[in-house]
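Participant: Starting off with a structure, shown below.
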Amino acid sequence: MARFRSLPGAALAVGAFVLMVLLGAGGASASALWQQSATATMTVTASGTWSAPVFTTPACSNVDNANKYVSLGYSGFSEAPTKLTFSAAGTNGVYGPSADMAGPFGTSGTVALFGDSTIFSQVTTTPATVRIVATFSNGVQATTTVKVSLDIGTGNKKIYCA
């Protein structure tokens, strides 16, 4: 050991070694504190209102030669509506009485719209705008419109896709 002490810088090397050992001993407890985990609790509350599904404009098709009704094809719902409500307005934009159509409906399908429907009772000009409101099981509603032409004033109750 006496020979070691006589080497230049030996005291500095021993001091550095002792310091490393001391810091190393504290390093284990510091590492243990670093690796501790904590538990957090998070509560998530969803909004009470969900946005309505998109109700795209139905595809209108003339289906009979007498032109007594048209077929309105709808698609794209993620769930089936429980009710469809129809109302119509002439070019003045005033909607008359509405009529409900109960399901069952699918997420896509067709419905028939007749020219003698009560929704056209106050329509005096053509084309008519038919408003369709889809109601879903959770009460959410989605709305769309489609244009149809009517034989106004002839009494024949004919309807055509506009």
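Residue numbering restarts at 1 in every chain; chains get A, B, ... in the order shown in the structure tokens, and ligands count up from 1 in that same order.
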Tell me, as a ChimeraX atom specification, which residues lie within 10 Å of A:Ala88, counting only C-alpha atoms; anything in the same chain fewer than 2 positions away does not count.

Facilitator: /A:86,90,93-99,117-123,128-132,145-148

Participant: Using only C-alpha atoms, which residue out of A:Pro8, A:Gly139, A:Gly76, A:Gly15 lies closest to A:Ser108?

Facilitator: A:Gly76

Participant: Can you work out which one of A:Gly103, A:Gly115, A:Pro53, A:Gly109 has the shortest atom-to-atom distance to A:Gly155, counting only C-alpha atoms?

Facilitator: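 Using only C-alpha atoms, A:Gly155 sits closest to A:Gly115.
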
Participant: For A:Phe55, which residue among A:Ser78, A:Thr144, A:Thr43, A:Ser137 is the nearest when counting only C-alpha atoms?

Facilitator: A:Thr144

Participant: Which residue is closest to A:Ala59? Choose from A:Asn156, A:Val140, A:Thr126, A:Cys161 and count only C-alpha atoms.

Facilitator: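 Comparing A:Asn156, A:Val140, A:Thr126, A:Cys161 against A:Ala59, the winner is A:Cys161.
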
Participant: So that I can check the surroundings of A:Asn65, please list as a VMD selection string every protein, DNA and RNA residue that reaches within 12 Å of it, counting only C-alpha atoms and ignoring chain neighbours fewer than 5 positions away.

Facilitator: chain A and resid 70 158 to 160

Participant: Would you export the selected residues with N, CA, C and O atoms as a PDB file, in the first residue's frame, please?

Facilitator:
```pdb
ATOM      1  N   VAL A  70     -94.769   6.760 -56.275  1.00  0.00           N
ATOM      2  CA  VAL A  70     -93.337   6.682 -56.571  1.00  0.00           C
ATOM      3  C   VAL A  70     -92.677   5.887 -55.445  1.00  0.00           C
ATOM      4  O   VAL A  70     -93.206   5.775 -54.344  1.00  0.00           O
ATOM      5  N   LYS A 158    -101.950  11.996 -59.766  1.00  0.00           N
ATOM      6  CA  LYS A 158    -100.714  11.432 -60.294  1.00  0.00           C
ATOM      7  C   LYS A 158     -99.509  12.100 -59.656  1.00  0.00           C
ATOM      8  O   LYS A 158     -99.521  13.289 -59.331  1.00  0.00           O
ATOM      9  N   ILE A 159     -98.441  11.313 -59.479  1.00  0.00           N
ATOM     10  CA  ILE A 159     -97.203  11.783 -58.855  1.00  0.00           C
ATOM     11  C   ILE A 159     -96.044  11.284 -59.714  1.00  0.00           C
ATOM     12  O   ILE A 159     -96.058  10.180 -60.229  1.00  0.00           O
ATOM     13  N   TYR A 160     -95.017  12.134 -59.863  1.00  0.00           N
ATOM     14  CA  TYR A 160     -93.840  11.805 -60.661  1.00  0.00           C
ATOM     15  C   TYR A 160     -92.605  12.256 -59.894  1.00  0.00           C
ATOM     16  O   TYR A 160     -92.647  13.212 -59.126  1.00  0.00           O
TER      17      TYR A 160
END
```

Participant: Pull the strand (DSSP E or B) assignments for stretch 50-155 of chain A out of DSSP run on the backbone, and list those residues as a PyMOL selection string.

Facilitator: chain A and resi 59-62+69-74+83-89+95-102+109-114+128-135+141-150
